[in-house]
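Here is entry16.cif, consisting of mmCIF, C-alpha atoms and all ligand atoms:
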```cif
data_input
loop_
_atom_site.group_PDB
_atom_site.id
_atom_site.type_symbol
_atom_site.label_atom_id
_atom_site.label_comp_id
_atom_site.auth_asym_id
_atom_site.auth_seq_id
_atom_site.Cartn_x
_atom_site.Cartn_y
_atom_site.Cartn_z
ATOM 1 C CA MET B 743 124.130 112.727 112.588
ATOM 2 C CA LYS B 744 120.845 111.113 111.599
ATOM 3 C CA GLY B 745 118.628 109.140 113.888
ATOM 4 C CA GLN B 746 115.044 108.320 114.761
ATOM 5 C CA VAL B 747 113.126 109.412 117.819
ATOM 6 C CA VAL B 748 111.928 106.197 119.463
ATOM 7 C CA LYS B 749 110.605 107.476 122.786
ATOM 8 C CA VAL B 750 109.731 110.759 124.427
ATOM 9 C CA ILE B 751 109.556 111.088 128.180
ATOM 10 C CA SER B 752 108.762 114.628 129.263
ATOM 11 C CA GLU B 753 111.606 116.759 127.840
ATOM 12 C CA ASN B 754 113.806 113.821 126.951
ATOM 13 C CA PHE B 755 113.934 112.543 123.405
ATOM 14 C CA TYR B 756 115.416 109.079 122.936
ATOM 15 C CA VAL B 757 117.110 109.017 119.531
ATOM 16 C CA ASP B 758 118.153 105.736 117.933
ATOM 17 C CA LEU B 759 121.359 106.208 115.933
ATOM 18 C CA GLY B 760 121.493 102.630 114.675
ATOM 19 C CA ASN B 761 124.172 101.350 117.016
ATOM 20 C CA GLU B 762 123.120 103.222 120.143
ATOM 21 C CA THR B 763 120.273 105.229 121.598
ATOM 22 C CA ILE B 764 121.065 108.641 123.043
ATOM 23 C CA ILE B 765 118.935 111.044 125.032
ATOM 24 C CA CYS B 766 118.585 114.486 123.471
ATOM 25 C CA LYS B 767 116.945 117.748 124.374
ATOM 26 C CA GLN B 768 114.919 119.770 121.980
ATOM 27 C CA ARG B 769 116.595 122.841 120.537
ATOM 28 C CA GLY B 770 114.937 126.155 121.272
ATOM 29 C CA LYS B 771 111.687 126.757 123.052
ATOM 30 C CA LEU B 772 109.026 126.657 120.340
ATOM 31 C CA LYS B 773 106.548 123.943 120.985
ATOM 32 C CA ASN B 774 103.954 123.168 118.419
ATOM 33 C CA LEU B 775 103.478 119.970 116.438
ATOM 34 C CA LYS B 776 105.665 121.239 113.634
ATOM 35 C CA THR B 777 108.676 121.945 115.783
ATOM 36 C CA LEU B 778 108.113 119.424 118.519
ATOM 37 C CA PRO B 779 109.886 116.147 117.705
ATOM 38 C CA LEU B 780 107.520 113.196 117.690
ATOM 39 C CA VAL B 781 108.132 109.509 118.174
ATOM 40 C CA GLY B 782 108.913 108.262 114.668
ATOM 41 C CA ASP B 783 110.603 111.444 113.487
ATOM 42 C CA PHE B 784 113.850 111.142 111.614
ATOM 43 C CA VAL B 785 116.081 113.848 113.029
ATOM 44 C CA LEU B 786 119.521 115.353 112.729
ATOM 45 C CA VAL B 787 121.232 115.511 116.091
ATOM 46 C CA SER B 788 124.360 116.966 117.540
ATOM 47 C CA LYS B 789 125.706 114.187 119.691
ATOM 48 C CA GLU B 790 128.163 116.507 121.489
ATOM 49 C CA LYS B 791 125.491 119.029 122.470
ATOM 50 C CA GLY B 792 122.862 116.367 122.972
ATOM 51 C CA VAL B 793 120.258 118.299 121.031
ATOM 52 C CA ILE B 794 117.968 117.673 118.102
ATOM 53 C CA GLU B 795 119.029 120.121 115.396
ATOM 54 C CA GLU B 796 116.426 119.402 112.783
ATOM 55 C CA ILE B 797 113.326 117.326 112.130
ATOM 56 C CA LEU B 798 113.407 115.770 108.659
ATOM 57 C CA PRO B 799 110.222 115.945 106.542
ATOM 58 C CA ARG B 800 107.502 113.588 107.751
ATOM 59 C CA ASP B 801 105.744 111.066 105.520
ATOM 60 C CA ASN B 802 102.715 111.300 107.754
ATOM 61 C CA MET B 803 101.691 112.197 111.233
ATOM 62 C CA ILE B 804 99.034 111.024 113.643
ATOM 63 C CA ILE B 805 98.002 113.026 116.658
ATOM 64 C CA ARG B 806 96.813 111.624 119.974
ATOM 65 C CA PRO B 807 98.962 109.626 120.220
ATOM 66 C CA ASN B 808 101.524 111.755 118.413
ATOM 67 C CA VAL B 809 103.620 109.646 116.083
ATOM 68 C CA SER B 810 105.055 110.047 112.602
ATOM 69 C CA ASN B 811 106.412 108.058 109.664
ATOM 70 C CA ILE B 812 104.136 105.113 110.200
ATOM 71 C CA THR B 813 103.844 102.659 107.286
ATOM 72 C CA MET B 814 101.265 100.239 108.642
ATOM 73 C CA ALA B 815 98.617 99.993 111.317
ATOM 74 C CA PHE B 816 97.288 96.885 112.987
ATOM 75 C CA VAL B 817 93.684 97.645 113.813
ATOM 76 C CA ILE B 818 93.207 95.411 116.819
ATOM 77 C CA THR B 819 89.552 94.460 116.949
ATOM 78 C CA SER B 820 88.088 92.147 119.562
ATOM 79 C CA PHE B 821 84.958 90.137 118.911
ATOM 80 C CA LYS B 822 83.859 90.654 122.489
ATOM 81 C CA ASN B 823 84.846 92.590 125.566
ATOM 82 C CA PRO B 824 84.932 95.205 124.059
ATOM 83 C CA ASP B 825 82.338 94.231 121.473
ATOM 84 C CA PHE B 826 83.073 94.199 117.755
ATOM 85 C CA SER B 827 81.988 97.464 116.149
ATOM 86 C CA THR B 828 81.984 98.085 112.411
ATOM 87 C CA ASN B 829 81.582 101.786 113.176
ATOM 88 C CA LEU B 830 84.877 101.974 114.991
ATOM 89 C CA LEU B 831 86.598 99.713 112.483
ATOM 90 C CA ASP B 832 85.437 101.845 109.557
ATOM 91 C CA LYS B 833 86.405 105.044 111.342
ATOM 92 C CA LEU B 834 89.922 103.795 111.823
ATOM 93 C CA LEU B 835 90.140 102.438 108.263
ATOM 94 C CA VAL B 836 88.998 105.784 106.839
ATOM 95 C CA GLN B 837 91.610 107.656 108.803
ATOM 96 C CA LEU B 838 94.322 105.240 107.753
ATOM 97 C CA GLU B 839 93.297 105.407 104.090
ATOM 98 C CA ILE B 840 93.384 109.201 104.148
ATOM 99 C CA ASN B 841 96.877 109.131 105.580
ATOM 100 C CA LYS B 842 98.108 106.372 103.294
ATOM 101 C CA ILE B 843 98.942 104.048 106.155
ATOM 102 C CA LYS B 844 98.365 100.406 105.224
ATOM 103 C CA PRO B 845 95.690 98.888 107.469
ATOM 104 C CA VAL B 846 95.691 95.312 108.704
ATOM 105 C CA ILE B 847 92.565 94.120 110.471
ATOM 106 C CA CYS B 848 93.599 91.911 113.372
ATOM 107 C CA LEU B 849 90.860 90.077 115.248
ATOM 108 C CA THR B 850 91.187 89.017 118.867
ATOM 109 C CA LYS B 851 89.186 87.071 121.440
ATOM 110 C CA ARG B 852 87.740 84.605 118.959
ATOM 111 C CA ASP B 853 87.595 82.241 121.946
ATOM 112 C CA LEU B 854 84.970 84.424 123.634
ATOM 113 C CA ILE B 855 82.280 83.976 120.984
ATOM 114 C CA SER B 856 80.354 80.927 119.774
ATOM 115 C CA ASP B 857 80.945 79.335 116.388
ATOM 116 C CA LEU B 858 77.517 80.533 115.347
ATOM 117 C CA ASP B 859 78.282 84.160 116.212
ATOM 118 C CA PHE B 860 81.620 83.823 114.490
ATOM 119 C CA LEU B 861 79.951 82.757 111.231
ATOM 120 C CA GLN B 862 77.997 85.986 111.221
ATOM 121 C CA TYR B 863 81.072 88.124 111.801
ATOM 122 C CA LYS B 864 82.926 86.078 109.215
ATOM 123 C CA GLU B 865 80.571 87.291 106.484
ATOM 124 C CA THR B 866 81.407 90.878 107.362
ATOM 125 C CA LEU B 867 85.116 90.131 107.573
ATOM 126 C CA ASP B 868 85.090 88.373 104.209
ATOM 127 C CA TYR B 869 83.729 91.584 102.730
ATOM 128 C CA TYR B 870 86.706 93.549 104.039
ATOM 129 C CA GLN B 871 89.057 90.882 102.786
ATOM 130 C CA GLU B 872 87.527 91.058 99.325
ATOM 131 C CA LEU B 873 88.123 94.800 99.375
ATOM 132 C CA GLY B 874 91.804 94.000 99.704
ATOM 133 C CA TYR B 875 92.312 94.455 103.434
ATOM 134 C CA ILE B 876 94.469 91.873 105.156
ATOM 135 C CA VAL B 877 92.510 90.091 107.884
ATOM 136 C CA VAL B 878 94.425 88.117 110.514
ATOM 137 C CA TYR B 879 93.742 86.577 113.918
ATOM 138 C CA ASN B 880 95.876 87.124 116.975
ATOM 139 C CA HIS B 881 96.870 83.452 117.187
ATOM 140 C CA GLU B 882 98.474 83.548 113.705
ATOM 141 C CA ILE B 883 101.818 84.591 115.106
ATOM 142 C CA ASN B 884 104.097 83.633 112.226
ATOM 143 C CA LYS B 885 101.810 85.135 109.624
ATOM 144 C CA ILE B 886 101.693 88.352 111.643
ATOM 145 C CA LYS B 887 105.482 88.474 111.988
ATOM 146 C CA ASN B 888 105.843 88.193 108.224
ATOM 147 C CA ILE B 889 103.430 91.046 107.676
ATOM 148 C CA LEU B 890 105.291 93.227 110.189
ATOM 149 C CA GLU B 891 108.662 92.676 108.523
ATOM 150 C CA ASN B 892 110.162 95.897 107.090
ATOM 151 C CA ASN B 893 107.341 98.093 108.380
ATOM 152 C CA THR B 894 106.861 100.603 111.145
ATOM 153 C CA THR B 895 103.565 99.464 112.555
ATOM 154 C CA VAL B 896 101.331 101.108 115.079
ATOM 155 C CA PHE B 897 98.947 98.923 117.075
ATOM 156 C CA ILE B 898 95.663 100.755 117.460
ATOM 157 C CA GLY B 899 92.207 99.900 118.705
ATOM 158 C CA GLN B 900 90.105 100.156 121.803
ATOM 159 C CA THR B 901 91.525 99.774 125.252
ATOM 160 C CA GLY B 902 91.260 96.151 126.256
ATOM 161 C CA SER B 903 91.151 94.834 122.697
ATOM 162 C CA GLY B 904 94.439 92.988 123.200
ATOM 163 C CA LYS B 905 97.188 95.165 121.700
ATOM 164 C CA SER B 906 99.774 94.665 124.417
ATOM 165 C CA THR B 907 98.915 91.000 124.815
ATOM 166 C CA LEU B 908 99.577 90.386 121.126
ATOM 167 C CA LEU B 909 102.831 92.334 121.184
ATOM 168 C CA ASN B 910 103.984 90.277 124.159
ATOM 169 C CA LYS B 911 103.108 87.090 122.300
ATOM 170 C CA LEU B 912 104.995 88.250 119.216
ATOM 171 C CA PHE B 913 108.083 89.361 121.088
ATOM 172 C CA SER B 914 108.337 87.334 124.243
ATOM 173 C CA ASP B 915 110.954 89.474 125.975
ATOM 174 C CA LEU B 916 108.892 92.669 125.690
ATOM 175 C CA ASN B 917 106.866 92.201 128.872
ATOM 176 C CA LEU B 918 104.399 94.981 128.213
ATOM 177 C CA LYS B 919 101.851 95.492 130.915
ATOM 178 C CA THR B 920 98.412 94.196 130.038
ATOM 179 C CA GLY B 921 95.189 94.992 131.756
ATOM 180 C CA GLU B 922 92.193 93.111 133.002
ATOM 181 C CA VAL B 923 89.013 94.190 131.321
ATOM 182 C CA SER B 924 86.290 95.565 133.494
ATOM 183 C CA LEU B 925 83.335 93.277 132.866
ATOM 184 C CA ALA B 926 80.781 95.874 133.837
ATOM 185 C CA LEU B 927 81.855 98.362 131.192
ATOM 186 C CA GLY B 928 83.353 96.047 128.621
ATOM 187 C CA ARG B 929 86.315 98.348 128.715
ATOM 188 C CA GLY B 930 89.841 97.880 129.894
ATOM 189 C CA ARG B 931 91.973 100.021 132.124
ATOM 190 C CA HIS B 932 94.552 102.275 130.567
ATOM 191 C CA THR B 933 97.715 100.340 131.074
ATOM 192 C CA THR B 934 100.014 101.546 128.308
ATOM 193 C CA ARG B 935 101.369 104.897 129.405
ATOM 194 C CA HIS B 936 103.721 106.192 126.770
ATOM 195 C CA VAL B 937 104.347 105.642 123.089
ATOM 196 C CA GLU B 938 107.553 103.961 122.058
ATOM 197 C CA ILE B 939 109.019 102.442 118.919
ATOM 198 C CA ILE B 940 110.313 98.986 119.648
ATOM 199 C CA LYS B 941 112.850 97.681 117.144
ATOM 200 C CA ILE B 942 113.247 93.953 116.667
ATOM 201 C CA GLY B 943 115.362 93.211 113.605
ATOM 202 C CA ASN B 944 113.566 94.745 110.648
ATOM 203 C CA ILE B 945 110.357 95.063 112.584
ATOM 204 C CA ASN B 946 109.392 98.381 114.160
ATOM 205 C CA VAL B 947 106.297 98.321 116.329
ATOM 206 C CA LEU B 948 104.487 100.825 118.498
ATOM 207 C CA ASP B 949 102.197 99.948 121.327
ATOM 208 C CA THR B 950 99.864 102.839 122.012
ATOM 209 C CA PRO B 951 97.931 103.846 125.064
ATOM 210 C CA GLY B 952 94.347 102.687 124.782
ATOM 211 C CA PHE B 953 92.330 104.882 122.517
ATOM 212 C CA SER B 954 89.451 104.261 120.217
ATOM 213 C CA ALA B 955 89.809 106.863 117.513
ATOM 214 C CA LEU B 956 92.734 108.539 115.913
ATOM 215 C CA SER B 957 92.729 112.221 115.239
ATOM 216 C CA PHE B 958 94.103 113.322 111.949
ATOM 217 C CA LEU B 959 94.688 116.832 110.751
ATOM 218 C CA ASN B 960 93.496 118.347 107.507
ATOM 219 C CA TYR B 961 90.925 116.066 106.010
ATOM 220 C CA GLU B 962 87.746 116.924 104.150
ATOM 221 C CA GLU B 963 84.414 115.306 103.376
ATOM 222 C CA ASN B 964 85.694 114.265 99.948
ATOM 223 C CA ASP B 965 88.571 112.468 101.615
ATOM 224 C CA VAL B 966 86.168 110.520 103.799
ATOM 225 C CA ARG B 967 84.133 109.544 100.734
ATOM 226 C CA ASP B 968 87.220 108.436 98.819
ATOM 227 C CA ALA B 969 88.453 106.433 101.799
ATOM 228 C CA PHE B 970 85.500 104.083 101.279
ATOM 229 C CA ILE B 971 87.519 102.385 98.610
ATOM 230 C CA GLU B 972 84.683 100.246 97.205
ATOM 231 C CA PHE B 973 82.662 103.318 96.161
ATOM 232 C CA LYS B 974 85.063 103.824 93.263
ATOM 233 C CA LYS B 975 83.879 100.562 91.736
ATOM 234 C CA TYR B 976 80.508 102.183 91.041
ATOM 235 C CA PRO B 977 81.103 105.353 89.028
ATOM 236 C CA CYS B 978 78.205 107.790 89.344
ATOM 237 C CA MET B 979 76.888 110.153 86.714
ATOM 238 C CA TYR B 980 78.282 113.091 88.630
ATOM 239 C CA HIS B 981 81.967 112.759 89.151
ATOM 240 C CA ASP B 982 81.763 114.552 92.499
ATOM 241 C CA CYS B 983 78.692 112.626 93.725
ATOM 242 C CA MET B 984 78.671 112.320 97.514
ATOM 243 C CA HIS B 985 76.310 109.328 97.295
ATOM 244 C CA LEU B 986 73.867 110.878 99.731
ATOM 245 C CA LYS B 987 70.895 112.824 98.382
ATOM 246 C CA GLU B 988 71.816 112.587 94.692
ATOM 247 C CA ASP B 989 69.520 110.827 92.212
ATOM 248 C CA GLU B 990 70.725 107.969 90.063
ATOM 249 C CA CYS B 991 73.607 107.275 92.373
ATOM 250 C CA LYS B 992 75.399 104.051 91.502
ATOM 251 C CA VAL B 993 76.755 103.645 95.010
ATOM 252 C CA LYS B 994 73.282 103.761 96.545
ATOM 253 C CA GLU B 995 72.171 101.328 93.860
ATOM 254 C CA ALA B 996 74.997 98.987 94.869
ATOM 255 C CA VAL B 997 73.935 99.260 98.514
ATOM 256 C CA ASN B 998 70.384 98.285 97.562
ATOM 257 C CA LYS B 999 71.675 95.354 95.546
ATOM 258 C CA LYS B 1000 73.758 94.331 98.587
ATOM 259 C CA GLN B 1001 76.969 94.680 96.605
ATOM 260 C CA ILE B 1002 78.137 97.205 99.171
ATOM 261 C CA LEU B 1003 77.845 96.135 102.810
ATOM 262 C CA LEU B 1004 75.004 98.073 104.412
ATOM 263 C CA SER B 1005 76.987 98.799 107.583
ATOM 264 C CA ARG B 1006 79.731 100.379 105.481
ATOM 265 C CA TYR B 1007 77.297 102.735 103.822
ATOM 266 C CA MET B 1008 75.547 103.562 107.094
ATOM 267 C CA ASN B 1009 78.853 104.320 108.749
ATOM 268 C CA TYR B 1010 79.734 106.538 105.822
ATOM 269 C CA GLN B 1011 76.501 108.507 106.253
ATOM 270 C CA ASN B 1012 77.190 108.708 109.930
ATOM 271 C CA PHE B 1013 80.736 110.054 109.478
ATOM 272 C CA ILE B 1014 79.611 112.713 106.995
ATOM 273 C CA GLU B 1015 76.910 113.713 109.462
ATOM 274 C CA GLU B 1016 79.510 114.042 112.219
ATOM 275 C CA PHE B 1017 81.477 116.215 109.880
ATOM 276 C CA LYS B 1018 78.506 118.501 109.345
ATOM 277 C CA ASN B 1019 78.142 118.890 113.072
ATOM 278 C CA LYS B 1020 81.822 119.764 113.125
ATOM 279 C CA LYS B 1021 82.518 117.083 115.652
ATOM 280 C CA ARG B 1022 86.134 116.084 115.638
ATOM 281 C CA TRP B 1023 86.938 112.416 115.518
HETATM 282 N N1 LIG B 1101 89.992 85.593 125.979
HETATM 283 C C1 LIG B 1101 90.923 86.369 125.432
HETATM 284 N N2 LIG B 1101 91.432 87.384 126.141
HETATM 285 C C2 LIG B 1101 92.388 88.163 125.555
HETATM 286 C C3 LIG B 1101 92.828 87.933 124.225
HETATM 287 N N3 LIG B 1101 93.734 88.892 123.928
HETATM 288 C C4 LIG B 1101 93.857 89.673 125.028
HETATM 289 N N4 LIG B 1101 93.043 89.243 126.012
HETATM 290 C C5 LIG B 1101 92.844 89.824 127.373
HETATM 291 O O1 LIG B 1101 92.262 91.114 127.241
HETATM 292 C C6 LIG B 1101 92.711 91.985 128.285
HETATM 293 C C7 LIG B 1101 93.210 93.289 127.698
HETATM 294 O O2 LIG B 1101 94.384 93.054 126.921
HETATM 295 P P1 LIG B 1101 95.510 94.148 126.659
HETATM 296 O O3 LIG B 1101 96.527 93.489 125.818
HETATM 297 O O4 LIG B 1101 95.942 94.793 127.921
HETATM 298 O O5 LIG B 1101 94.670 95.196 125.803
HETATM 299 P P2 LIG B 1101 95.160 96.626 125.247
HETATM 300 O O6 LIG B 1101 94.502 97.633 126.116
HETATM 301 O O7 LIG B 1101 94.604 96.681 123.848
HETATM 302 O O8 LIG B 1101 96.641 96.651 125.276
HETATM 303 C C8 LIG B 1101 93.767 91.200 129.036
HETATM 304 O O9 LIG B 1101 93.176 90.701 130.195
HETATM 305 C C9 LIG B 1101 94.157 90.076 128.102
HETATM 306 O O10 LIG B 1101 94.590 88.944 128.782
HETATM 307 C C10 LIG B 1101 92.256 86.819 123.478
HETATM 308 O O11 LIG B 1101 92.554 86.544 122.319
HETATM 309 N N5 LIG B 1101 91.310 86.096 124.141
HETATM 310 MG MG MG B 1102 97.980 98.089 126.190
HETATM 311 ZN ZN ZN B 1103 76.860 108.515 93.896
#
```

Please rewrite the model in this file as structure tokens.
Ligand SMILES: Nc1nc2c(ncn2[C@@H]2O[C@H](COP(=O)(O)OP(=O)(O)O)[C@@H](O)[C@H]2O)c(=O)[nH]1
Ligand SMILES: [Mg+2]
Ligand SMILES: [Zn+2]
Amino acid sequence: MKGQVVKVISENFYVDLGNETIICKQRGKLKNLKTLPLVGDFVLVSKEKGVIEEILPRDNMIIRPNVSNITMAFVITSFKNPDFSTNLLDKLLVQLEINKIKPVICLTKRDLISDLDFLQYKETLDYYQELGYIVVYNHEINKIKNILENNTTVFIGQTGSGKSTLLNKLFSDLNLKTGEVSLALGRGRHTTRHVEIIKIGNINVLDTPGFSALSFLNYEENDVRDAFIEFKKYPCMYHDCMHLKEDECKVKEAVNKKQILLSRYMNYQNFIEEFKNKKRW
């Protein structure tokens, strides 16, 4: 019998079979990410034994929080409290690009900044929109619902950025716990404790515990470069150009001509540097 793991609480795996959700145990004792069922996994279960017999091949997998088979990610980004950061936004976009998860940039807390400040951010956001990223605001409820339709969407972004608040607004009977943001730190408390797929019609959503960066397995410097999707518009002489120290680099030229947003390029340099230092994201 086929189902999808929608929640894991300690050793209990909640498997949605379409018409009911049953609690299963994991078969055997092996516990690594390959054999451990994750939220999002499609699995074959024995209903009689109450065990997961097999994990079906994953389309993708994110660790910390551990989820699989995600089609879309809402990158919840607040203008203030916590402050807007292109570094964090780009880091998340890169990781989503590498894993072929469709990103949607969702802005929150527009009400906390002045119109003047907003105009400045708007220029940056228009750049992302021109790249092809969907940009939405957390008050655009109907638009957001349409985007979520027929996707399994993870809500990611810093603690306190407004993930749970938005989910509650979208689906009024959810009642997810939301947290007050500590003014001193500009950070929120961790209020979302476990990961769970919530199914509402054709919409699958996941609220995640507050975290600021995803960890992905198996990526390389080339992947990070290619995840900056605008770089491809400026083909360099050397096909494998990293756009760093190379001469006659078209990407660097485009940065100088302001065709590529400077913060994008600086974040790129910064990520490659982190790579060199073997820091994990
Ligand atoms: N002013 C303002 N506050 C918001 C907005 N969205 C969320 N918040 C507040 O931000 C705090 C953190 O929200 P929460 O949804 O718990 O963030 P999460 O950690 O990302 O789930 C809560 O106090 C919310 O009421 C918004 O658009 N404007
Ligand atoms: Mg939350
Ligand atoms: Zn180059």

Open item on the list: Env of Asn944 of chain B: 8 Å cut, atoms = only C-alpha atoms, seq-sep filter 5 positions within chain, self excluded. Answer as a list of chain:residue names.
Closed with: B:Glu891, B:Asn892, B:Asn893

Can you write just those residues out, C-alpha atoms, as a PDB file, keeping the file's coordinate frame?
```
ATOM      1  CA  GLU B 891     108.662  92.676 108.523  1.00  0.00           C
ATOM      2  CA  ASN B 892     110.162  95.897 107.090  1.00  0.00           C
ATOM      3  CA  ASN B 893     107.341  98.093 108.380  1.00  0.00           C
TER       4      ASN B 893
END
```

Task: Result set of the PyMOL selection byres (((chain B and resi 866-873) around 9) and not hetatm) on the coordinates above, as a list in words - done: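 Checking the PyMOL selection byres (((chain B and resi 866-873) around 9) and not hetatm) against this file, the residues are Thr828, Ile847, Gln862, Tyr863, Lys864, Glu865, Gly874, Tyr875, Ile876, Val877, Ile971, Glu972, Ile1002 and Leu1003 of chain B.
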
- [ ] Within 10 Å of ligand ZN 1103 (chain B), which residues show up when you count only C-alpha atoms and all ligand atoms? List them as a VMD selection string, please.
- [x] chain B and resid 973 to 974 976 to 996

- [ ] Taking the file as shown, find all residues satisfying the PyMOL selection byres (((chain B and resi 795) around 10) and not hetatm) and write them as a PyMOL selection string.
- [x] chain B and resi 743-744+766-770+785-789+791-794+796-798

Selection to disk with C-alpha atoms, as a PDB file, in the coordinates of the input:
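The resulting file, part18.pdb, is reproduced below:
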```pdb
ATOM      1  CA  MET B 743     124.130 112.727 112.588  1.00  0.00           C
ATOM      2  CA  LYS B 744     120.845 111.113 111.599  1.00  0.00           C
ATOM      3  CA  CYS B 766     118.585 114.486 123.471  1.00  0.00           C
ATOM      4  CA  LYS B 767     116.945 117.748 124.374  1.00  0.00           C
ATOM      5  CA  GLN B 768     114.919 119.770 121.980  1.00  0.00           C
ATOM      6  CA  ARG B 769     116.595 122.841 120.537  1.00  0.00           C
ATOM      7  CA  GLY B 770     114.937 126.155 121.272  1.00  0.00           C
ATOM      8  CA  VAL B 785     116.081 113.848 113.029  1.00  0.00           C
ATOM      9  CA  LEU B 786     119.521 115.353 112.729  1.00  0.00           C
ATOM     10  CA  VAL B 787     121.232 115.511 116.091  1.00  0.00           C
ATOM     11  CA  SER B 788     124.360 116.966 117.540  1.00  0.00           C
ATOM     12  CA  LYS B 789     125.706 114.187 119.691  1.00  0.00           C
ATOM     13  CA  LYS B 791     125.491 119.029 122.470  1.00  0.00           C
ATOM     14  CA  GLY B 792     122.862 116.367 122.972  1.00  0.00           C
ATOM     15  CA  VAL B 793     120.258 118.299 121.031  1.00  0.00           C
ATOM     16  CA  ILE B 794     117.968 117.673 118.102  1.00  0.00           C
ATOM     17  CA  GLU B 796     116.426 119.402 112.783  1.00  0.00           C
ATOM     18  CA  ILE B 797     113.326 117.326 112.130  1.00  0.00           C
ATOM     19  CA  LEU B 798     113.407 115.770 108.659  1.00  0.00           C
TER      20      LEU B 798
END
```

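Of the listed residues (B:Asn910, B:Met803, B:Arg967, B:Asn1009), B:Met803 comes nearest to Lys842 of chain B; the distances count only C-alpha atoms.
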
- [ ] Name the residues that the PyMOL selection byres (((chain B and resi 750) around 12) and not hetatm) picks from the file above, as number ranges by chain, using the file's chain letters and numbers.
- [x] B: 746-749, 751-758, 764-768, 778-783, 807-809, 935-939

Task: Which residue of B:Asn946, B:Asn917, B:Thr901, B:Asn1019 approaches ligand MG 1102 (chain B) most closely, using only C-alpha atoms and all ligand atoms - done: B:Thr901
